[in-house]
Each structure stands twice: as structure tokens, then as C-alpha cells.
$ cat entry-v6.tsv   # TSV, C-alpha atoms
chain	number	residue	atom	x	y	z
A	1	MET	CA	23.81	32.05	42.08
A	2	VAL	CA	25.82	30.27	44.69
A	3	ARG	CA	23.99	30.59	47.94
A	4	PHE	CA	20.81	28.99	49.18
A	5	LYS	CA	18.06	31.56	49.57
A	6	ASN	CA	15.62	31.26	52.42
A	7	ARG	CA	12.31	32.76	53.24
A	8	TYR	CA	11.39	33.71	56.79
A	9	VAL	CA	7.69	33.57	57.62
A	10	LEU	CA	6.58	35.58	60.62
A	11	CYS	CA	3.39	34.34	62.23
A	12	GLU	CA	1.40	34.89	65.35
A	13	VAL	CA	-0.17	32.10	67.39
A	14	VAL	CA	-3.71	33.12	68.35
A	15	SER	CA	-5.68	31.10	70.83
A	16	GLU	CA	-8.73	31.62	73.00
A	17	ASP	CA	-7.31	29.47	75.75
A	18	PRO	CA	-4.75	31.38	77.85
A	19	ARG	CA	-3.07	28.12	78.81
A	20	CYS	CA	-1.98	27.72	75.24
A	21	ARG	CA	0.91	30.09	75.94
A	22	GLN	CA	2.80	27.50	77.93
A	23	CYS	CA	2.44	25.16	74.99
A	24	ILE	CA	4.17	27.52	72.58
A	25	GLU	CA	7.62	26.04	72.23
A	26	ASP	CA	9.76	25.47	69.18
A	27	ARG	CA	9.38	21.69	69.07
A	28	ALA	CA	5.61	21.82	69.44
A	29	VAL	CA	5.16	24.52	66.82
A	30	GLY	CA	7.60	22.82	64.43
A	31	LEU	CA	5.81	19.50	64.74
A	32	ALA	CA	2.40	21.09	64.27
A	33	VAL	CA	3.50	22.94	61.12
A	34	ARG	CA	5.20	19.85	59.70
A	35	ASP	CA	2.13	17.78	60.38
A	36	ALA	CA	-0.07	20.33	58.61
A	37	ILE	CA	2.25	20.38	55.58
A	38	GLY	CA	2.17	16.60	55.47
A	39	ARG	CA	-1.60	16.55	55.51
A	40	VAL	CA	-2.07	19.28	52.92
A	41	HIS	CA	0.80	18.62	50.52
A	42	GLY	CA	1.62	14.97	51.12
A	43	ASP	CA	4.99	13.30	51.24
A	44	TYR	CA	6.39	15.40	48.44
A	45	GLY	CA	5.43	18.70	50.06
A	46	LEU	CA	6.68	17.57	53.44
A	47	ALA	CA	10.04	16.58	52.03
A	48	CYS	CA	10.32	19.81	49.99
A	49	CYS	CA	9.59	22.07	52.94
A	50	SER	CA	11.66	20.14	55.45
A	51	ILE	CA	14.93	20.77	53.66
A	52	SER	CA	15.82	23.86	55.61
A	53	PHE	CA	12.85	24.11	57.89
A	54	THR	CA	13.31	25.33	61.41
A	55	VAL	CA	11.69	27.57	63.97
A	56	LYS	CA	14.15	30.45	64.21
A	57	TYR	CA	12.53	32.60	66.87
A	58	LEU	CA	9.71	32.17	69.31
A	59	ASN	CA	8.13	34.50	71.81
A	60	ALA	CA	5.65	32.82	74.07
A	61	TYR	CA	4.39	36.07	75.61
A	62	THR	CA	3.30	37.61	72.34
A	63	GLY	CA	2.88	34.35	70.45
A	64	THR	CA	5.28	35.40	67.70
A	65	VAL	CA	6.91	32.64	65.69
A	66	LEU	CA	9.53	32.98	62.94
A	67	LEU	CA	9.82	30.02	60.60
A	68	ARG	CA	12.49	29.48	57.98
A	69	CYS	CA	12.25	27.46	54.80
A	70	ARG	CA	13.78	27.36	51.36
A	71	LYS	CA	12.72	29.98	48.86
A	72	ASP	CA	11.49	27.30	46.45
A	73	SER	CA	9.01	25.88	48.88
A	74	TYR	CA	7.79	28.83	50.90
A	75	ARG	CA	4.47	28.84	49.06
A	76	LEU	CA	3.82	25.28	50.18
A	77	LEU	CA	4.58	26.32	53.74
A	78	CYS	CA	2.43	29.45	53.64
A	79	SER	CA	-0.52	27.64	52.13
A	80	ALA	CA	-0.36	24.96	54.83
A	81	LEU	CA	-0.24	27.37	57.79
A	82	PRO	CA	-4.05	27.92	57.93
A	83	PHE	CA	-4.41	24.18	58.50
A	84	VAL	CA	-2.60	24.23	61.83
A	85	ARG	CA	-5.44	23.75	64.28
A	86	GLN	CA	-3.84	22.78	67.56
A	87	LEU	CA	-0.56	22.81	69.41
A	88	GLU	CA	0.42	19.76	71.36
A	89	SER	CA	3.10	19.49	74.00
A	90	ARG	CA	3.57	17.29	77.05
A	91	ASN	CA	0.38	15.39	76.26
A	92	GLN	CA	-1.73	18.53	76.30
A	93	ARG	CA	-3.30	20.00	73.24
A	94	TYR	CA	-4.89	23.38	72.82
A	95	PRO	CA	-6.78	24.68	69.81
A	96	CYS	CA	-5.19	27.67	68.13
A	97	PHE	CA	-4.52	29.15	64.73
A	98	LEU	CA	-1.59	30.88	63.07
A	99	ASN	CA	-1.83	34.35	61.58
A	100	THR	CA	0.79	35.06	58.95
A	101	LEU	CA	2.15	38.56	59.51
A	102	HIS	CA	5.07	38.87	57.12
A	103	VAL	CA	7.26	36.94	54.73
A	104	GLY	CA	10.80	38.21	54.35
A	105	GLY	CA	14.04	37.17	52.81
A	106	THR	CA	16.18	37.78	55.85
A	107	ILE	CA	15.77	37.80	59.58
A	108	ARG	CA	16.63	41.49	59.62
A	109	THR	CA	13.63	42.51	57.49
A	110	CYS	CA	11.35	40.40	59.63
A	111	GLN	CA	12.75	42.01	62.73
A	112	LYS	CA	12.15	45.49	61.30
A	113	PHE	CA	8.60	44.56	60.46
A	114	LEU	CA	8.07	43.07	63.91
A	115	ILE	CA	9.22	46.27	65.59
A	116	GLN	CA	6.76	48.36	63.57
A	117	TYR	CA	4.00	45.86	64.12
A	118	ASN	CA	4.51	45.69	67.85
A	119	ARG	CA	4.55	49.50	68.08
A	120	ARG	CA	1.20	49.60	66.30
A	121	GLN	CA	-0.13	46.82	68.54
A	122	LEU	CA	0.89	48.74	71.65
A	123	LEU	CA	-0.90	51.83	70.36
A	124	MET	CA	-4.01	49.79	69.73
A	125	LEU	CA	-3.80	48.28	73.19
A	126	LEU	CA	-3.52	51.80	74.59
A	127	GLN	CA	-6.71	52.80	72.83
A	128	ASN	CA	-8.57	49.73	73.98
A	129	CYS	CA	-7.50	49.44	77.57
A	130	THR	CA	-10.13	49.92	80.21
A	131	ASN	CA	-8.60	50.99	83.48
A	132	GLU	CA	-6.00	53.51	84.51
A	133	GLU	CA	-3.46	50.97	85.76
A	134	GLU	CA	-3.20	49.25	82.41
A	135	ARG	CA	-3.04	52.60	80.68
A	136	ARG	CA	-0.04	53.64	82.72
A	137	CYS	CA	1.71	50.32	82.15
A	138	ILE	CA	1.31	50.55	78.43
A	139	GLN	CA	2.36	54.18	78.30
A	140	LYS	CA	5.51	53.27	80.18
A	141	SER	CA	6.25	50.46	77.71
A	142	LEU	CA	5.67	52.70	74.73
A	143	LEU	CA	7.97	55.38	76.01
A	144	SER	CA	10.72	52.92	76.79
A	145	CYS	CA	10.75	50.75	73.69
A	146	SER	CA	13.70	51.37	71.46
A	147	LEU	CA	16.19	49.38	69.42
A	148	THR	CA	19.60	49.61	70.98
A	149	GLU	CA	22.50	48.63	68.75
A	150	GLU	CA	24.75	46.81	71.15
A	151	GLN	CA	28.05	45.15	70.50
A	152	SER	CA	26.59	41.70	70.97
A	153	GLN	CA	23.85	42.34	68.37
A	154	SER	CA	21.05	41.63	70.83
A	155	GLY	CA	18.19	43.88	69.73
A	156	ASP	CA	15.14	44.18	71.98
A	157	GLU	CA	12.40	44.96	69.56
A	158	GLU	CA	9.69	45.63	72.08
A	159	ASP	CA	9.29	46.05	75.78
A	160	ASP	CA	6.02	44.28	76.16
A	161	ASP	CA	4.72	44.09	79.68
A	162	GLY	CA	3.68	40.75	81.07
A	163	THR	CA	0.04	41.67	81.69
A	164	GLU	CA	-2.11	40.68	78.78
A	165	THR	CA	-5.27	42.56	78.14
A	166	ASP	CA	-6.97	39.91	75.99
B	167	MET	CA	16.39	-8.82	19.99
B	168	PRO	CA	13.02	-6.99	19.80
B	169	PRO	CA	12.62	-4.63	16.84
B	170	ALA	CA	13.11	-0.93	17.53
B	171	ALA	CA	9.72	0.71	18.19
B	172	ALA	CA	8.59	3.11	15.52
B	173	PHE	CA	8.38	6.52	17.13
B	174	GLU	CA	6.78	9.60	15.73
B	175	ARG	CA	6.24	12.86	17.53
B	176	ARG	CA	4.34	15.95	16.43
B	177	VAL	CA	4.29	18.89	18.82
B	178	LEU	CA	1.25	21.12	19.18
B	179	ARG	CA	2.04	24.77	19.88
B	180	SER	CA	-0.94	25.88	21.93
B	181	ALA	CA	-1.22	24.37	25.39
B	182	ALA	CA	-4.06	21.95	25.81
B	183	GLU	CA	-6.43	22.16	28.71
B	184	HIS	CA	-6.49	18.47	29.64
B	185	HIS	CA	-4.05	15.63	29.27
B	186	TYR	CA	-5.13	12.06	28.72
B	187	LEU	CA	-3.22	9.10	30.08
B	188	ARG	CA	-3.65	5.50	29.05
B	189	VAL	CA	-2.63	3.42	32.04
B	190	ARG	CA	-2.67	-0.21	33.01
B	191	LEU	CA	-2.72	-1.51	36.54
B	192	GLU	CA	-0.66	-4.63	37.09
B	193	LEU	CA	-1.77	-6.91	39.90
B	194	PRO	CA	0.52	-9.92	39.76
B	195	ASP	CA	-1.46	-11.99	42.25
B	196	GLY	CA	-4.66	-13.32	40.81
B	197	GLY	CA	-7.01	-11.75	43.30
B	198	ALA	CA	-10.23	-9.84	42.91
B	199	ARG	CA	-10.06	-7.06	40.36
B	200	PRO	CA	-11.05	-3.54	41.41
B	201	SER	CA	-14.24	-2.08	40.04
B	202	VAL	CA	-14.22	1.31	38.38
B	203	ALA	CA	-15.11	3.09	41.63
B	204	GLN	CA	-12.34	1.29	43.48
B	205	PHE	CA	-9.95	2.12	40.68
B	206	LYS	CA	-10.76	5.81	40.95
B	207	GLN	CA	-10.39	5.62	44.69
B	208	LEU	CA	-6.99	4.00	44.22
B	209	VAL	CA	-5.87	6.84	41.94
B	210	VAL	CA	-7.12	9.48	44.38
B	211	SER	CA	-5.49	7.76	47.33
B	212	ALA	CA	-2.19	7.63	45.43
B	213	LEU	CA	-2.47	11.37	44.88
B	214	ARG	CA	-3.35	11.94	48.51
B	215	GLU	CA	-0.33	9.99	49.70
B	216	LEU	CA	2.19	11.81	47.56
B	217	HIS	CA	0.63	15.24	47.21
B	218	GLY	CA	-1.71	15.54	50.19
B	219	GLU	CA	-5.20	16.98	50.26
B	220	VAL	CA	-4.30	19.43	47.50
B	221	GLY	CA	-3.30	16.54	45.27
B	222	ALA	CA	-6.36	14.51	46.14
B	223	ALA	CA	-8.54	17.45	45.12
B	224	LEU	CA	-7.03	17.42	41.61
B	225	PRO	CA	-9.83	16.84	39.10
B	226	VAL	CA	-9.07	13.41	37.66
B	227	ASP	CA	-11.63	11.53	35.59
B	228	VAL	CA	-11.63	7.90	34.57
B	229	LEU	CA	-12.96	8.07	31.04
B	230	THR	CA	-12.84	4.35	30.21
B	231	TYR	CA	-12.06	1.33	32.31
B	232	GLU	CA	-11.78	-2.32	31.41
B	233	GLU	CA	-11.94	-4.60	34.38
B	234	LYS	CA	-10.60	-7.59	32.47
B	235	THR	CA	-7.35	-5.98	31.41
B	236	LEU	CA	-7.29	-3.36	34.20
B	237	SER	CA	-6.51	-0.65	31.71
B	238	ALA	CA	-8.06	2.79	31.76
B	239	ILE	CA	-7.91	6.22	30.19
B	240	LEU	CA	-7.57	9.02	32.73
B	241	ARG	CA	-8.13	12.68	32.10
B	242	VAL	CA	-6.44	15.36	34.17
B	243	VAL	CA	-6.01	19.11	34.02
B	244	SER	CA	-2.74	19.86	32.27
B	245	SER	CA	-1.26	21.62	35.27
B	246	GLY	CA	-1.74	18.47	37.31
B	247	LEU	CA	-0.18	16.01	34.88
B	248	VAL	CA	3.15	15.83	36.70
B	249	LYS	CA	1.45	15.28	40.05
B	250	LEU	CA	-0.78	12.51	38.72
B	251	TRP	CA	2.00	10.75	36.81
B	252	SER	CA	4.38	10.85	39.78
B	253	ALA	CA	1.68	9.62	42.14
B	254	LEU	CA	0.82	6.70	39.86
B	255	THR	CA	4.50	5.84	39.51
B	256	LEU	CA	5.05	5.69	43.24
B	257	LEU	CA	1.97	3.69	44.12
B	258	GLY	CA	2.96	0.26	45.35
B	259	PHE	CA	0.07	-1.33	47.16
B	260	TYR	CA	-3.61	-1.91	46.59
B	261	GLN	CA	-5.35	-3.38	49.64
B	262	ASN	CA	-2.02	-4.75	50.85
B	263	ARG	CA	-1.36	-6.44	47.51
B	264	ARG	CA	1.64	-5.40	45.47
B	265	CYS	CA	0.66	-3.53	42.33
B	266	ALA	CA	2.17	-1.22	39.74
B	267	PHE	CA	0.83	1.32	37.31
B	268	ARG	CA	2.18	1.24	33.78
B	269	VAL	CA	1.66	4.50	31.90
B	270	LEU	CA	1.33	3.57	28.27
B	271	GLN	CA	0.40	6.82	26.53
B	272	VAL	CA	0.09	10.48	27.40
B	273	LYS	CA	-1.69	12.79	24.97
B	274	PRO	CA	-2.88	16.37	25.23
B	275	CYS	CA	-6.09	15.62	23.37
B	276	ILE	CA	-8.24	12.60	22.85
B	277	SER	CA	-8.63	12.82	19.10
B	278	ILE	CA	-5.87	11.57	16.88
B	279	SER	CA	-5.95	14.31	14.28
B	280	SER	CA	-4.28	17.32	15.88
B	281	CYS	CA	-2.13	16.41	18.84
B	282	VAL	CA	1.05	14.67	19.92
B	283	ILE	CA	0.96	11.08	18.76
B	284	TRP	CA	3.30	8.41	19.98
B	285	GLN	CA	3.06	5.32	17.91
B	286	GLN	CA	4.36	2.17	19.43

$ encode --input "entry-v6.tsv" --output "C-alpha cells"
Amino acid sequence: MVRFKNRYVLCEVVSEDPRCRQCIEDRAVGLAVRDAIGRVHGDYGLACCSISFTVKYLNAYTGTVLLRCRKDSYRLLCSALPFVRQLESRNQRYPCFLNTLHVGGTIRTCQKFLIQYNRRQLLMLLQNCTNEEERRCIQKSLLSCSLTEEQSQSGDEEDDDGTETD
Amino acid sequence: MPPAAAFERRVLRSAAEHHYLRVRLELPDGGARPSVAQFKQLVVSALRELHGEVGAALPVDVLTYEEKTLSAILRVVSSGLVKLWSALTLLGFYQNRRCAFRVLQVKPCISISSCVIWQQ
């Protein structure tokens, strides 16, 4: 009973505006989440969740965000995530919402989940894509995605291509 | 030296649904006293400040209110007692005037017969 336990919340930023992607950065997302917690749970909730709160990982292309908080206050954080309505950065704000994908105790479990999730997403994209060019791109990504255990512990969980179909 | 307060405590086994607080608002400056609606709004705004929208949505009722003495009996769901009590403790201002809430009694039921009684 000696170490501090954390919870890692994996979410996805969903927005109708494609320009929202440039707004997805760790400071903007962190501020938006903190602001939502402050509104929903007040000063007490904000202080509770801010103890070990940080944005651990961010992927602007897929909109994946990994947040960390203490185990005692992860319920406050998770219940406040639906109240994040916009991301603001550099005096521009875009409406968006956060989808919670997974809550895990370590970064490794979240990474494993993210790999499976992204594989399923690629398969769904393959089913839904309309023209041959996109189909070939996605098939190439699917065939090439793999987790390589390198010395420097840098795992590429997916090989997502830059063209978005949504 | 003031005499030691007589203190008696009987504990009820089954958890009660509501808790009742007897509180008194202290407004040291002799300004206008809040009406019952303003009093309730003050309580809800204290909850909103400390516990956010979730705290402000806590079902709190003002059962009695005396404007002369600024004392009231509040009723709250038992699970929200800690939130309400902490919010009242940390409230410092009413319309930019310094104020303080004094919590005089907390009981799990309104009748005297079968509940925790603190006699002061």
C-alpha cells in the first residue's frame, strides 16, 4: 500500500469541424477538461482531480487523448468528460465532444486496447470506403500495422494514413 | 469559566433517509436580512461553488426560516450531508458582505423520540 495508483482514461475527440484537429493539443485539451470538472464538481472536485492530472498522450490525426488522474478521483473525471463542449487554442474555439473509450490502470493496458480498437476502426473504414484509391490505402495500412518491440520501447500501435474518410 | 455542556448521544442503527440541520446565518453588519428565497439561493450557491453543478442539484429543503434570527432548519438527503455541511462551512460572503454559517444541530430525523439527540 505504498504507491500512488493512477487511472488512465482513453478518450477520442470527435468534431464535425475538420479544423478542430489543429486545435487538439495537450494544453488546450487539459484546460478544457479542467474547466469542465470545475463547472460540474466545483472547487472540491477540481482540486481532487488536479492532484495528478495530466494529458499523457495525444494524437491529433486520430483525435486520441490519454488522460491520467488519481484512482480516488477518476469517477469525478469520467463524469465530467461529457461536459466538455469546445476546445480553445490560439483564440479559436471549435465545438467538439469527448468519447470515452477505455479506463485502465496502466498505460500499457490502454495501449493494448488502443491497438485493438484501431485495428477494428481500420476494418470498419475498409468496409465503408467508397472509391478504389482509399480502399488500397487502407489495405496497405492494415497489412503493415504491427507492434514492433524495439530497444527504445517506442511502439507504433497503428499505421494510420493521413487521408481521413470522414 | 462556562459550565461544561451536558452531552447525550444515542445512536440509531438503521440509516435514515434525510438529515436535518439547524443552522444560523451570522451577518455581523446590520444590513438587510435575506428572505427565505434568498436564503435558499445562498445555500444553493454555496453548494455550487464548492461542489459544482452536481452539488447545486442536491435536493436541499428549507423547512423553517426565521428572518429575525436568521436561523433555519434544512433537510438534505443523507448521502449529501457532508457536501452540504462543508459548503456551508466554507461560505464567506453574501452579496459582498461577510457572513458565516453556524451549524447548531444535525439530526437524522425530525422527531425527538427515536434518533440521535444532542442536548446542549

$ interface_residues --input "entry-v6.tsv" --of "chain B" --to "chain A" --cutoff "12 Å" --atoms "all atoms listed in the file" --output "PyMOL selection string"
chain B and resi 211-224+249+252-253+256

$ atom_distance --input "entry-v6.tsv" --atom1 "CA of Ser52 in chain A" --atom2 "CA of Val84 in chain A"
19.4 Å

$ residues_around --input "entry-v6.tsv" --residues "Phe259 in chain B" --least-positions-apart "2" --cutoff "12 Å" --atoms "all atoms listed in the file" --output "compact mmCIF listing (two decimals) with C-alpha atoms, in the coordinates of the input"
# COMPACT_ATOMS: atom_id res chain seq x y z
CA LEU B 191 -2.72 -1.51 36.54
CA GLU B 192 -0.66 -4.63 37.09
CA LEU B 193 -1.77 -6.91 39.90
CA PRO B 194 0.52 -9.92 39.76
CA ASP B 195 -1.46 -11.99 42.25
CA LEU B 208 -6.99 4.00 44.22
CA VAL B 209 -5.87 6.84 41.94
CA SER B 211 -5.49 7.76 47.33
CA ALA B 212 -2.19 7.63 45.43
CA GLU B 215 -0.33 9.99 49.70
CA LEU B 254 0.82 6.70 39.86
CA THR B 255 4.50 5.84 39.51
CA LEU B 256 5.05 5.69 43.24
CA LEU B 257 1.97 3.69 44.12
CA GLN B 261 -5.35 -3.38 49.64
CA ASN B 262 -2.02 -4.75 50.85
CA ARG B 263 -1.36 -6.44 47.51
CA ARG B 264 1.64 -5.40 45.47
CA CYS B 265 0.66 -3.53 42.33
CA ALA B 266 2.17 -1.22 39.74
CA PHE B 267 0.83 1.32 37.31

$ atom_distance --input "entry-v6.tsv" --atom1 "CA of Lys56 in chain A" --atom2 "CA of Leu142 in chain A"
26.0 Å

$ residues_around --input "entry-v6.tsv" --residues "Val29 in chain A" --least-positions-apart "2" --cutoff "12 Å" --atoms "all atoms listed in the file" --output "number ranges by chain"
A: 11-13, 20-27, 31-36, 53-60, 63-67, 81, 84-89, 93-94, 96-98

$ atom_distance --input "entry-v6.tsv" --atom1 "CA of Gly104 in chain A" --atom2 "CA of Ala28 in chain A"
22.9 Å

$ axis_aligned_box --input "entry-v6.tsv" --around "range 35-53 of chain A" --padding-each-side "8 Å" --output "JSON"
{"center_x": 6.9, "center_y": 18.7, "center_z": 54.4, "size_x": 33.9, "size_y": 26.8, "size_z": 27.9}

$ closest_residue --input "entry-v6.tsv" --among "A:Arg90, A:Met124, A:Arg136, A:Cys48" --to "Leu77 in chain A" --atoms "all atoms listed in the file"
A:Cys48
